[in-house]
Amino acid sequence: MPKTPKNSKVGLALNLGSSALAIVRTVKQVRRAKGTQDKLTTVNTVAGLLPLITSALIVLRRLRGRSARHGH
């Protein structure tokens, strides 16, 4: 399978999709941790969610930047 360049539109879209899936998975973990009343696990899971959200936002910004440069 050929590699997709990191800054290509397809590559960025795939990166965004994988980030979104990771965020959904982590949100489920937060809910599960809250249900167990384990505050340390809940805080740890929420802390793990922050870099995933940041990564998704960076990819969105790159996609928007590409669209603005190409006039779409």
# chains A, B, ... in the order shown; residues from 1 in each chain; ligands from 1

$ residues_around --residues "Lys28 of chain A" --least-positions-apart "6" --cutoff "12 Å" --atoms "only C-alpha atoms" --output "ChimeraX atom specification"
/A:21-22,34-35,42,45-46,49

$ select_by_dssp --residues "chain A" --states "alpha helix (DSSP H)" --output "number ranges by chain"
A: 9-35, 39-69

$ residues_around --residues "Thr41 of chain A" --least-positions-apart "4" --cutoff "12 Å" --atoms "only C-alpha atoms" --output "compact mmCIF listing (two decimals) with C-alpha atoms, in the first residue's frame"
# COMPACT_ATOMS: atom_id res chain seq x y z
CA THR A 26 -11.23 8.12 25.17
CA GLN A 29 -13.13 5.53 28.84
CA VAL A 30 -13.87 8.74 30.78
CA ARG A 31 -17.51 7.72 31.18
CA ARG A 32 -16.49 4.25 32.32
CA ALA A 33 -13.98 5.68 34.80
CA LYS A 34 -16.58 8.11 36.18
CA GLY A 35 -18.95 5.19 36.69
CA THR A 36 -16.42 3.43 38.91
CA GLN A 37 -16.00 6.55 41.07
CA THR A 45 -8.14 9.68 31.14
CA VAL A 46 -9.19 13.34 30.78
CA ALA A 47 -5.50 14.34 30.72
CA GLY A 48 -4.94 11.83 27.92

$ closest_residue --among "A:Lys9, A:Val27, A:Asp38, A:Gly17" --to "Leu50 of chain A" --atoms "only C-alpha atoms"
A:Val27

$ closest_residue --among "A:Leu40, A:Leu60, A:Leu52, A:Ala68" --to "Arg25 of chain A" --atoms "only C-alpha atoms"
A:Leu52

$ residues_around --residues "Ala13 of chain A" --least-positions-apart "2" --cutoff "12 Å" --atoms "only C-alpha atoms" --output "list in words"
Thr4, Pro5, Lys6, Asn7, Ser8, Lys9, Val10, Gly11, Asn15, Leu16, Gly17, Ser18, Ser19, Ala20, Ala56, Leu57, Ile58, Val59, Leu60, Arg61, Arg62, Leu63, Arg64 and Arg66 of chain A
